[in-house]
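Undergrad: Next up, target.tsv (TSV, C-alpha atoms and all ligand atoms).
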```tsv
chain	number	residue	atom	x	y	z
A	146	MET	CA	-41.55	0.99	-19.65
A	147	GLN	CA	-38.76	2.70	-17.79
A	148	LEU	CA	-38.43	6.49	-18.19
A	149	LEU	CA	-35.04	7.46	-19.48
A	150	PHE	CA	-32.97	10.61	-19.18
A	151	GLY	CA	-30.23	10.09	-21.77
A	152	MET	CA	-29.19	6.56	-20.94
A	153	ARG	CA	-29.88	6.92	-17.23
A	154	PRO	CA	-32.97	5.67	-15.46
A	155	LEU	CA	-34.94	8.48	-13.79
A	156	ASP	CA	-36.27	6.16	-11.11
A	157	ARG	CA	-32.81	6.09	-9.53
A	158	PHE	CA	-31.47	9.61	-9.76
A	159	LEU	CA	-27.96	9.73	-8.30
A	160	THR	CA	-26.16	13.03	-7.72
A	161	LEU	CA	-22.46	13.20	-7.00
A	162	GLY	CA	-21.88	16.28	-4.81
A	163	ILE	CA	-18.50	17.97	-4.37
A	164	GLU	CA	-17.66	20.74	-1.87
A	165	SER	CA	-14.26	22.44	-1.58
A	166	SER	CA	-15.00	26.12	-1.03
A	167	CYS	CA	-12.96	26.68	2.13
A	168	ASP	CA	-11.00	24.19	4.24
A	169	ASP	CA	-13.15	21.04	4.06
A	170	THR	CA	-13.08	18.65	1.11
A	171	SER	CA	-16.29	16.65	0.99
A	172	VAL	CA	-17.89	14.25	-1.49
A	173	ALA	CA	-21.37	12.69	-1.33
A	174	VAL	CA	-23.70	10.54	-3.36
A	175	LEU	CA	-27.36	11.42	-2.95
A	176	GLU	CA	-30.31	9.48	-4.33
A	177	GLY	CA	-33.25	11.72	-5.20
A	178	PRO	CA	-33.73	14.83	-3.07
A	179	ARG	CA	-32.54	13.52	0.30
A	180	THR	CA	-31.45	9.88	0.50
A	181	ILE	CA	-27.77	9.87	1.44
A	182	LEU	CA	-26.01	6.84	-0.04
A	183	SER	CA	-22.56	7.98	1.06
A	184	TRP	CA	-20.71	11.04	2.24
A	185	ASN	CA	-17.29	11.81	3.58
A	186	ILE	CA	-15.21	14.77	4.59
A	187	SER	CA	-11.56	15.59	4.96
A	188	SER	CA	-11.25	18.48	7.37
A	189	GLN	CA	-8.11	20.60	7.29
A	190	THR	CA	-8.93	22.40	10.54
A	191	GLU	CA	-6.06	20.89	12.52
A	192	ARG	CA	-3.54	21.64	9.77
A	193	HIS	CA	-4.54	25.32	9.68
A	194	ALA	CA	-4.76	25.61	13.49
A	195	ALA	CA	-1.00	26.17	13.73
A	196	PHE	CA	-1.48	29.37	11.72
A	197	GLY	CA	-4.57	30.55	13.66
A	198	GLY	CA	-6.77	30.57	10.54
A	199	VAL	CA	-7.17	29.17	7.03
A	200	VAL	CA	-4.13	29.65	4.77
A	201	PRO	CA	-5.66	29.71	1.25
A	202	GLU	CA	-2.67	28.35	-0.71
A	203	TYR	CA	-2.19	25.50	1.76
A	204	ALA	CA	-5.95	24.77	1.64
A	205	SER	CA	-6.01	24.32	-2.13
A	206	ARG	CA	-3.04	21.94	-2.03
A	207	MET	CA	-4.78	19.80	0.57
A	208	HIS	CA	-8.01	19.76	-1.49
A	209	LEU	CA	-5.95	18.49	-4.41
A	210	GLU	CA	-4.57	15.62	-2.33
A	211	ALA	CA	-7.96	14.67	-0.88
A	212	ILE	CA	-10.45	15.00	-3.70
A	213	LEU	CA	-9.78	11.87	-5.78
A	214	PRO	CA	-9.47	9.41	-2.86
A	215	LEU	CA	-12.65	10.88	-1.32
A	216	THR	CA	-14.54	10.55	-4.61
A	217	ARG	CA	-13.41	6.96	-5.06
A	218	GLU	CA	-14.48	6.19	-1.50
A	219	ALA	CA	-17.88	7.91	-1.83
A	220	LEU	CA	-18.69	6.12	-5.09
A	221	ALA	CA	-17.62	2.73	-3.73
A	222	GLU	CA	-19.63	3.16	-0.54
A	223	ALA	CA	-22.70	4.15	-2.56
A	224	GLY	CA	-22.25	1.02	-4.68
A	225	VAL	CA	-21.57	3.01	-7.85
A	226	SER	CA	-19.15	0.95	-9.91
A	227	GLU	CA	-19.87	2.50	-13.32
A	228	PRO	CA	-20.31	6.27	-12.76
A	229	ALA	CA	-20.82	6.95	-16.47
A	230	LYS	CA	-23.90	4.71	-16.45
A	231	GLU	CA	-25.16	5.20	-12.93
A	232	LEU	CA	-24.74	8.90	-12.11
A	233	SER	CA	-27.45	11.30	-13.26
A	234	LEU	CA	-25.80	14.55	-12.16
A	235	ILE	CA	-22.65	16.13	-10.76
A	236	ALA	CA	-23.16	19.10	-8.42
A	237	VAL	CA	-20.22	21.22	-7.33
A	238	THR	CA	-19.80	24.37	-5.24
A	239	ARG	CA	-18.94	27.19	-7.65
A	240	GLY	CA	-18.70	30.02	-5.11
A	241	PRO	CA	-18.48	32.02	-2.98
A	242	GLY	CA	-15.27	30.87	-1.32
A	243	LEU	CA	-11.52	30.79	-1.74
A	244	MET	CA	-10.41	30.87	-5.37
A	245	GLY	CA	-7.79	28.12	-5.15
A	246	SER	CA	-10.07	25.86	-3.11
A	247	LEU	CA	-13.07	26.31	-5.43
A	248	LEU	CA	-10.86	25.72	-8.44
A	249	VAL	CA	-9.96	22.21	-7.28
A	250	GLY	CA	-13.60	21.16	-6.84
A	251	VAL	CA	-14.90	22.78	-10.03
A	252	MET	CA	-12.10	21.46	-12.27
A	253	THR	CA	-12.39	17.96	-10.83
A	254	ALA	CA	-16.17	17.97	-11.28
A	255	LYS	CA	-15.85	19.20	-14.87
A	256	ALA	CA	-13.29	16.50	-15.65
A	257	PHE	CA	-15.70	13.85	-14.32
A	258	ALA	CA	-18.63	15.39	-16.22
A	259	GLN	CA	-16.72	15.25	-19.48
A	260	ALA	CA	-15.18	11.84	-18.95
A	261	TRP	CA	-18.49	10.25	-17.91
A	262	ASN	CA	-20.75	12.43	-20.05
A	263	VAL	CA	-22.89	13.39	-17.06
A	264	PRO	CA	-24.64	16.80	-16.69
A	265	ILE	CA	-23.10	19.26	-14.25
A	266	VAL	CA	-24.62	22.01	-12.09
A	267	GLY	CA	-22.63	24.69	-10.28
A	268	VAL	CA	-24.06	25.37	-6.83
A	269	ASN	CA	-23.99	28.57	-4.78
A	270	HIS	CA	-22.51	27.64	-1.40
A	271	LEU	CA	-25.24	29.62	0.39
A	272	GLU	CA	-27.97	27.72	-1.40
A	273	GLY	CA	-26.12	24.60	-0.28
A	274	HIS	CA	-26.35	25.66	3.37
A	275	ILE	CA	-30.09	26.26	2.93
A	276	PHE	CA	-30.50	22.77	1.49
A	277	ALA	CA	-28.82	21.20	4.53
A	278	ASN	CA	-32.24	21.75	6.11
A	279	VAL	CA	-34.15	20.35	3.15
A	280	VAL	CA	-32.13	17.11	3.38
A	281	ASP	CA	-32.71	16.77	7.11
A	282	HIS	CA	-36.39	17.77	7.26
A	283	GLU	CA	-38.75	16.27	4.73
A	284	GLU	CA	-41.58	18.25	6.36
A	285	LEU	CA	-39.88	21.63	5.75
A	286	LYS	CA	-41.80	23.39	2.98
A	287	PHE	CA	-41.21	26.70	1.20
A	288	PRO	CA	-41.44	29.54	2.08
A	289	PHE	CA	-39.05	29.55	5.02
A	290	LEU	CA	-36.45	31.81	6.56
A	291	CYS	CA	-32.91	30.52	6.79
A	292	MET	CA	-30.17	32.12	8.82
A	293	VAL	CA	-26.74	31.11	7.54
A	294	VAL	CA	-24.12	31.73	10.22
A	295	SER	CA	-20.56	30.55	9.74
A	296	GLY	CA	-16.97	31.77	9.71
A	297	GLY	CA	-17.59	33.60	6.45
A	298	HIS	CA	-21.33	34.32	6.51
A	299	THR	CA	-24.05	35.85	8.63
A	300	GLU	CA	-27.11	36.19	6.47
A	301	ILE	CA	-30.89	35.94	6.70
A	302	VAL	CA	-32.46	34.60	3.54
A	303	LEU	CA	-36.13	34.32	2.68
A	304	ALA	CA	-36.37	31.11	0.65
A	305	ARG	CA	-39.66	31.66	-1.20
A	306	ALA	CA	-39.32	28.59	-3.41
A	307	SER	CA	-36.59	26.39	-4.82
A	308	GLY	CA	-34.32	28.84	-6.68
A	309	ASP	CA	-36.19	31.93	-5.47
A	310	TYR	CA	-34.28	33.58	-2.64
A	311	GLN	CA	-34.29	37.03	-1.14
A	312	MET	CA	-31.41	38.24	0.97
A	313	LEU	CA	-33.02	40.11	3.86
A	314	GLY	CA	-29.90	41.03	5.78
A	315	ALA	CA	-26.18	40.35	6.01
A	316	THR	CA	-23.24	41.31	8.15
A	317	GLN	CA	-21.62	44.61	7.40
A	318	ASP	CA	-18.28	43.53	8.80
A	319	ASP	CA	-17.28	40.34	10.64
A	320	ALA	CA	-19.27	37.12	10.42
A	321	ALA	CA	-20.55	35.67	13.70
A	322	GLY	CA	-18.12	32.72	13.49
A	323	GLU	CA	-15.27	35.10	12.82
A	324	ALA	CA	-16.15	37.05	15.98
A	325	PHE	CA	-16.13	33.79	17.97
A	326	ASP	CA	-12.74	32.84	16.47
A	327	LYS	CA	-11.12	36.25	17.04
A	328	VAL	CA	-12.32	36.62	20.64
A	329	ALA	CA	-11.18	33.04	21.35
A	330	LYS	CA	-7.76	33.87	19.94
A	331	VAL	CA	-7.38	36.87	22.29
A	332	LEU	CA	-8.44	34.60	25.17
A	333	GLY	CA	-5.59	32.27	24.15
A	334	LEU	CA	-7.95	29.49	23.05
A	335	PRO	CA	-7.19	27.24	20.05
A	336	TYR	CA	-8.57	27.72	16.52
A	337	PRO	CA	-11.39	27.44	15.57
A	338	GLY	CA	-12.62	29.22	18.67
A	339	GLY	CA	-16.39	28.79	18.25
A	340	PRO	CA	-16.65	25.18	19.45
A	341	VAL	CA	-14.19	25.89	22.32
A	342	ILE	CA	-16.20	28.91	23.51
A	343	ASP	CA	-19.34	26.78	23.25
A	344	ARG	CA	-17.78	24.09	25.46
A	345	LEU	CA	-16.36	26.49	28.09
A	346	ALA	CA	-19.58	28.54	28.17
A	347	LYS	CA	-21.43	25.50	29.55
A	348	GLN	CA	-19.58	26.00	32.87
A	349	GLY	CA	-19.96	29.78	32.90
A	350	ASN	CA	-22.43	32.45	33.98
A	351	ALA	CA	-23.97	34.15	30.95
A	352	THR	CA	-24.86	37.29	32.90
A	353	ALA	CA	-21.40	37.86	34.40
A	354	PHE	CA	-20.34	40.38	31.73
A	355	HIS	CA	-22.28	43.00	29.86
A	356	PHE	CA	-21.92	43.78	26.15
A	357	PRO	CA	-23.36	46.79	24.35
A	358	ALA	CA	-26.42	46.36	22.12
A	359	VAL	CA	-25.17	47.02	18.60
A	360	LEU	CA	-28.17	46.20	16.43
A	361	PRO	CA	-30.20	49.40	17.01
A	362	ASN	CA	-27.48	51.26	15.08
A	363	ILE	CA	-27.51	48.85	12.14
A	364	GLU	CA	-29.93	49.36	9.28
A	365	GLY	CA	-32.72	46.90	8.49
A	366	LEU	CA	-31.99	43.25	9.17
A	367	ASN	CA	-28.26	43.63	8.70
A	368	PHE	CA	-25.69	42.63	11.31
A	369	SER	CA	-22.46	43.91	12.73
A	370	PHE	CA	-20.10	41.90	14.90
A	371	SER	CA	-16.97	44.01	14.84
A	372	GLY	CA	-18.27	46.36	17.60
A	373	LEU	CA	-19.12	43.39	19.82
A	374	LYS	CA	-15.75	41.81	19.10
A	375	THR	CA	-13.88	45.04	19.94
A	376	ALA	CA	-15.91	45.50	23.14
A	377	ALA	CA	-15.02	41.91	24.12
A	378	ILE	CA	-11.32	42.39	23.39
A	379	ASN	CA	-11.25	45.68	25.36
A	380	GLN	CA	-12.89	43.95	28.33
A	381	ILE	CA	-10.37	41.09	28.17
A	382	ASN	CA	-7.46	43.58	28.18
A	383	HIS	CA	-9.03	45.50	31.05
A	384	LEU	CA	-9.59	42.31	33.09
A	385	ARG	CA	-6.00	41.22	32.44
A	386	GLN	CA	-4.70	44.47	33.92
A	387	LYS	CA	-6.56	43.64	37.12
A	388	GLY	CA	-5.75	39.92	37.20
A	389	ASP	CA	-7.05	36.83	35.41
A	390	VAL	CA	-9.98	36.59	33.00
A	391	PRO	CA	-12.71	34.24	34.32
A	392	VAL	CA	-12.75	32.41	31.00
A	393	GLU	CA	-15.91	30.31	31.45
A	394	ASP	CA	-18.01	33.31	32.53
A	395	PHE	CA	-16.55	35.44	29.78
A	396	CYS	CA	-17.27	32.81	27.10
A	397	ALA	CA	-20.84	32.31	28.38
A	398	SER	CA	-21.53	36.07	28.40
A	399	PHE	CA	-19.99	36.72	24.99
A	400	GLN	CA	-21.80	33.75	23.46
A	401	ALA	CA	-25.09	34.98	24.96
A	402	ALA	CA	-24.51	38.42	23.38
A	403	VAL	CA	-23.91	36.89	19.92
A	404	VAL	CA	-26.96	34.65	20.25
A	405	ARG	CA	-29.10	37.62	21.38
A	406	ASN	CA	-28.17	39.48	18.19
A	407	LEU	CA	-29.00	36.50	15.98
A	408	ILE	CA	-32.33	35.83	17.71
A	409	THR	CA	-33.34	39.52	17.58
A	410	ARG	CA	-32.88	39.57	13.82
A	411	LEU	CA	-34.79	36.32	13.40
A	412	GLU	CA	-37.69	37.74	15.44
A	413	GLN	CA	-37.71	40.86	13.25
A	414	ALA	CA	-37.51	38.80	10.05
A	415	VAL	CA	-40.50	36.69	11.13
A	416	GLU	CA	-42.45	39.80	12.06
A	417	GLN	CA	-41.67	41.60	8.81
A	418	THR	CA	-42.26	38.69	6.42
A	419	GLY	CA	-44.99	36.79	8.27
A	420	VAL	CA	-43.05	33.60	7.47
A	421	ARG	CA	-42.92	31.39	10.56
A	422	ASN	CA	-40.80	28.46	9.41
A	423	VAL	CA	-37.28	29.24	10.59
A	424	ALA	CA	-34.18	27.22	9.69
A	425	ILE	CA	-30.54	27.79	10.59
A	426	SER	CA	-27.34	26.60	8.96
A	427	GLY	CA	-23.54	27.08	8.89
A	428	GLY	CA	-20.89	26.28	11.49
A	429	VAL	CA	-22.36	28.58	14.17
A	430	ALA	CA	-25.68	26.71	13.83
A	431	ALA	CA	-23.84	23.94	15.73
A	432	ASN	CA	-23.59	26.27	18.76
A	433	SER	CA	-25.58	24.78	21.66
A	434	ALA	CA	-26.86	28.09	23.08
A	435	PHE	CA	-28.00	29.24	19.63
A	436	ARG	CA	-29.65	25.90	18.88
A	437	ASP	CA	-31.46	25.94	22.23
A	438	ALA	CA	-32.64	29.52	21.71
A	439	VAL	CA	-33.95	28.79	18.21
A	440	ALA	CA	-35.53	25.46	19.15
A	441	SER	CA	-37.31	26.74	22.28
A	442	HIS	CA	-38.60	30.00	20.77
A	443	HIS	CA	-42.39	30.21	20.65
A	444	GLY	CA	-42.48	32.71	17.77
A	445	TRP	CA	-41.79	30.18	15.02
A	446	ASN	CA	-41.48	26.58	13.90
A	447	ALA	CA	-37.78	25.72	14.21
A	448	PHE	CA	-35.81	23.53	11.80
A	449	LEU	CA	-32.28	22.68	12.85
A	450	PRO	CA	-29.97	20.61	10.68
A	451	SER	CA	-28.07	17.87	12.50
A	452	LYS	CA	-24.72	19.22	13.70
A	453	MET	CA	-22.74	17.32	11.07
A	454	PHE	CA	-24.63	19.14	8.30
A	455	CYS	CA	-24.20	22.61	9.85
A	456	THR	CA	-20.58	22.87	8.74
A	457	ASP	CA	-19.54	22.63	5.10
A	458	ASN	CA	-20.40	19.29	3.50
A	459	ALA	CA	-21.11	17.79	0.08
A	460	VAL	CA	-24.55	16.41	1.01
A	461	MET	CA	-26.04	19.91	1.04
A	462	VAL	CA	-24.32	20.69	-2.28
A	463	ALA	CA	-25.71	17.53	-3.90
A	464	ALA	CA	-29.20	18.39	-2.57
A	465	ALA	CA	-29.05	21.97	-3.86
A	466	GLY	CA	-27.69	20.71	-7.20
A	467	TYR	CA	-30.50	18.18	-7.49
A	468	ALA	CA	-33.11	20.90	-6.84
A	469	ALA	CA	-31.46	23.20	-9.40
A	470	PHE	CA	-31.42	20.43	-12.01
A	471	MET	CA	-35.09	19.65	-11.36
A	472	ARG	CA	-36.01	23.27	-12.02
A	473	GLY	CA	-34.17	23.09	-15.32
A	474	GLU	CA	-30.77	24.53	-14.50
A	475	ARG	CA	-27.66	23.19	-16.24
A	476	SER	CA	-24.13	24.52	-16.15
A	477	ASP	CA	-21.94	24.74	-19.17
A	478	ILE	CA	-18.65	22.89	-19.21
A	479	SER	CA	-16.96	26.31	-19.53
A	480	MET	CA	-18.19	27.16	-15.99
A	481	GLY	CA	-15.44	28.50	-13.74
A	482	PRO	CA	-15.25	29.08	-9.99
A	483	ASP	CA	-16.52	32.44	-8.75
A	484	PRO	CA	-15.13	33.44	-5.32
A	485	ALA	CA	-17.61	36.35	-5.06
A	486	LEU	CA	-20.67	34.59	-6.52
A	487	ASP	CA	-23.83	36.65	-5.86
A	488	PHE	CA	-26.87	35.23	-4.14
A	489	GLY	CA	-30.54	36.27	-4.19
A	490	GLU	CA	-31.73	39.85	-4.57
A	491	ASP	CA	-30.31	42.31	-2.11
A	492	GLU	CA	-33.11	43.94	-0.24
A	493	VAL	CA	-33.19	45.56	3.13
A	494	ILE	CA	-36.76	45.38	4.35
A	501	LIG	O1	-19.62	26.54	8.06
A	501	LIG	P1	-18.21	26.45	8.55
A	501	LIG	O2	-17.64	25.08	8.79
A	501	LIG	O3	-17.21	27.12	7.56
A	501	LIG	C1	-17.42	28.35	6.97
A	501	LIG	O4	-18.02	28.36	5.86
A	501	LIG	O5	-16.99	29.34	7.60
A	501	LIG	O6	-18.12	27.33	9.89
A	501	LIG	C2	-16.96	27.46	10.65
A	501	LIG	C3	-17.22	28.49	11.71
A	501	LIG	C4	-15.99	28.85	12.55
A	501	LIG	O7	-15.95	30.25	12.71
A	501	LIG	C5	-16.27	28.14	13.87
A	501	LIG	O8	-15.67	28.78	14.98
A	501	LIG	C6	-17.78	28.23	13.93
A	501	LIG	O9	-18.22	28.03	12.61
A	501	LIG	N1	-18.34	27.19	14.80
A	501	LIG	C7	-18.95	27.45	15.97
A	501	LIG	C8	-19.32	26.20	16.54
A	501	LIG	N2	-18.91	25.22	15.68
A	501	LIG	C9	-18.31	25.85	14.63
A	501	LIG	N3	-19.24	28.63	16.56
A	501	LIG	C10	-19.88	28.58	17.75
A	501	LIG	N4	-20.23	27.42	18.36
A	501	LIG	C11	-19.97	26.22	17.80
A	501	LIG	N5	-20.33	25.08	18.41
A	502	ZN	ZN	-20.12	27.28	4.59
```
Could I get this file's structure written as structure tokens?
TA:
Amino acid sequence: MQLLFGMRPLDRFLTLGIESSCDDTSVAVLEGPRTILSWNISSQTERHAAFGGVVPEYASRMHLEAILPLTREALAEAGVSEPAKELSLIAVTRGPGLMGSLLVGVMTAKAFAQAWNVPIVGVNHLEGHIFANVVDHEELKFPFLCMVVSGGHTEIVLARASGDYQMLGATQDDAAGEAFDKVAKVLGLPYPGGPVIDRLAKQGNATAFHFPAVLPNIEGLNFSFSGLKTAAINQINHLRQKGDVPVEDFCASFQAAVVRNLITRLEQAVEQTGVRNVAISGGVAANSAFRDAVASHHGWNAFLPSKMFCTDNAVMVAAAGYAAFMRGERSDISMGPDPALDFGEDEVI
């Protein structure tokens, strides 16, 4: 006899995932914990590039235009013709993120949940980033450390078990991706600057410029990137007074300084927790120098999500939602977006 959850068969558990926390609209259909039936993304990066950064009001309008066509497409590609009968769960990013952007995803997901009578789970975006690794690596088991590094986050999380997370350290000012973007802007490079610096750095000398070590002045496993960013901008201005900035060398040296900070904190986190499984996630986890440094390090077992799952996507949200549902979590239909949604216990070890 087939096991039933409501009217839906448990042997084919389909989760519809929706992500709209910043400037990417993404929808996915996941079967079980990690089988991707479909996923798509509508990136607004080029539209915001003209403004040198994400314009929140513009972002929410673009989410609104994209979300229904993307959902239709994702369901069709997954072969879901009757969502009310075939979907087991809807998972949506609830926060943190931009209010207007989150609102579009959460309200759309709630409308689907009500219309199709499907349970809904609100997902913390950070937990989503952690689950990008769970989707990509079946062999990755709890506990593990996950460093989430993006344009809005630089955090080290100890993932003890599904739903049991401890925040070990976070940035006190700029996120690593933000530092990449701001330094790139001063260099006259297009937005977002991280991937451009990554590309130019490949032709540069990483020891050409020196940057001050900032971490010794920062408590625990926390980070700071504003000092590094200011030092970089001062050097650029100084070099410009004397002539041209050797852009490739500068990018390689600045990138190496950022990566050194990230790796130092990972080494300390491994030493302090004794946990040797290390995962990374977020846009900066697509950085080649950072990936190489994490992958080749002998102090831990490295887990890197494929580059397409480093940046924001609905697959990771569906996977985190599935895990939350399996541990008994359900969201109420009155759930709203929460731009400052908390995550894990704060603890500086
Ligand atoms: O995760 P994400 O798509 O969005 C946020 O939640 O912020 O990350 C975007 C950030 C941007 O700051 C971008 O410059 C950075 O990730 N990024 C990179 C690379 N690819 C994206 N930074 C360094 N190297 C890269 N290859
Ligand atoms: Zn993100």
Undergrad: Enumerate, in order of chain and increasing residue number, the residues of segment 297-343 of chain A with an atom no farther than 12 Å from segment 165-189 of chain A, each with its shortest atom pair and distance in Å to one decimal, counting only C-alpha atoms, as a tab-separated table.
TA:
```
residue	atom	partner	partner_atom	distance
A:Gly297	CA	A:Cys167	CA	9.4
A:Tyr336	CA	A:Gln189	CA	11.7
A:Pro337	CA	A:Gln189	CA	11.2
```
Undergrad: Quote the spacing between atom CA of Asn382 of chain A and atom CA of Glu191 of chain A in Å to one decimal place.
TA: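 Taking atom CA of Asn382 of chain A as the start and atom CA of Glu191 of chain A as the end point, the length is 27.6 Å.
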Undergrad: Quick one: everything within 10 Å of Ala438 of chain A, counting only C-alpha atoms, minus sequence neighbours fewer than 5 positions away in the same chain. Send it as a PyMOL selection string.
TA: chain A and resi 401+404-405+407-408+433+443+447
Undergrad: I need the chosen residues saved as a compact mmCIF listing (two decimals), in the frame of the given file, with C-alpha atoms.
TA:
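Written file, part_15.txt:
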```
# COMPACT_ATOMS: atom_id res chain seq x y z
CA ALA A 401 -25.09 34.98 24.96
CA VAL A 404 -26.96 34.65 20.25
CA ARG A 405 -29.10 37.62 21.38
CA LEU A 407 -29.00 36.50 15.98
CA ILE A 408 -32.33 35.83 17.71
CA SER A 433 -25.58 24.78 21.66
CA HIS A 443 -42.39 30.21 20.65
CA ALA A 447 -37.78 25.72 14.21
```
Undergrad: Which distance in Å separates atom CA of Asn269 of chain A and atom CA of Gln417 of chain A, to one decimal?
TA: 25.8 Å
Undergrad: Would you mind listing what lies within 8 Å of Ala463 of chain A as a list in words, with only C-alpha atoms counted and same-chain residues fewer than 3 positions away left out?
TA: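 My list of contacting residues is Thr160, Leu161, Gly162, Ile163, Ala173, Val174, Leu175, Ile235, Ala236, Val237, Gly273, Ala459, Val460, Gly466 and Tyr467 of chain A.
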Undergrad: To one decimal place, how far is atom C9 of ligand LIG 501 (chain A) from atom CA of Glu218 of chain A in Å?
TA: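 According to the coordinates, atom C9 of ligand LIG 501 (chain A) and atom CA of Glu218 of chain A are separated by 25.7 Å.
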Undergrad: Taking all atoms listed in the file into account, name the residue in A:Ala351, A:Ala195, A:Val225, A:Val294 that is nearest to ligand ZN 502 (chain A).
TA: A:Val294
Undergrad: Compare A:Met244, A:Leu232, A:Ala464, A:Ile342 by their minimum atom-to-atom distance to Gly481 of chain A, counting all atoms listed in the file, and give me the closest one.
TA: A:Met244
Undergrad: Let me make sure I understand: among A:Ser307, A:Asn406, A:Asn446, A:Ser398, which one has the smallest atom-to-atom distance to Ala321 of chain A if we use all atoms listed in the file?
TA: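 Among the listed residues, A:Asn406 lies closest to Ala321 of chain A.
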Undergrad: What residues have any atom no more than 9 Å from ligand LIG 501 (chain A) when counting all atoms listed in the file, and can you list them as a PyMOL selection string?
TA: chain A and resi 166-169+242+270+274+293-298+320-327+329+336-344+400+426-435+452+454-458
Undergrad: Using only C-alpha atoms and all ligand atoms, can you tell me which of A:Gly240, A:Pro214, A:Gly224, A:Pro201 comes closest to ligand ZN 502 (chain A)?
TA: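 Of A:Gly240, A:Pro214, A:Gly224, A:Pro201, the one nearest ligand ZN 502 (chain A), counting only C-alpha atoms and all ligand atoms, is A:Gly240.
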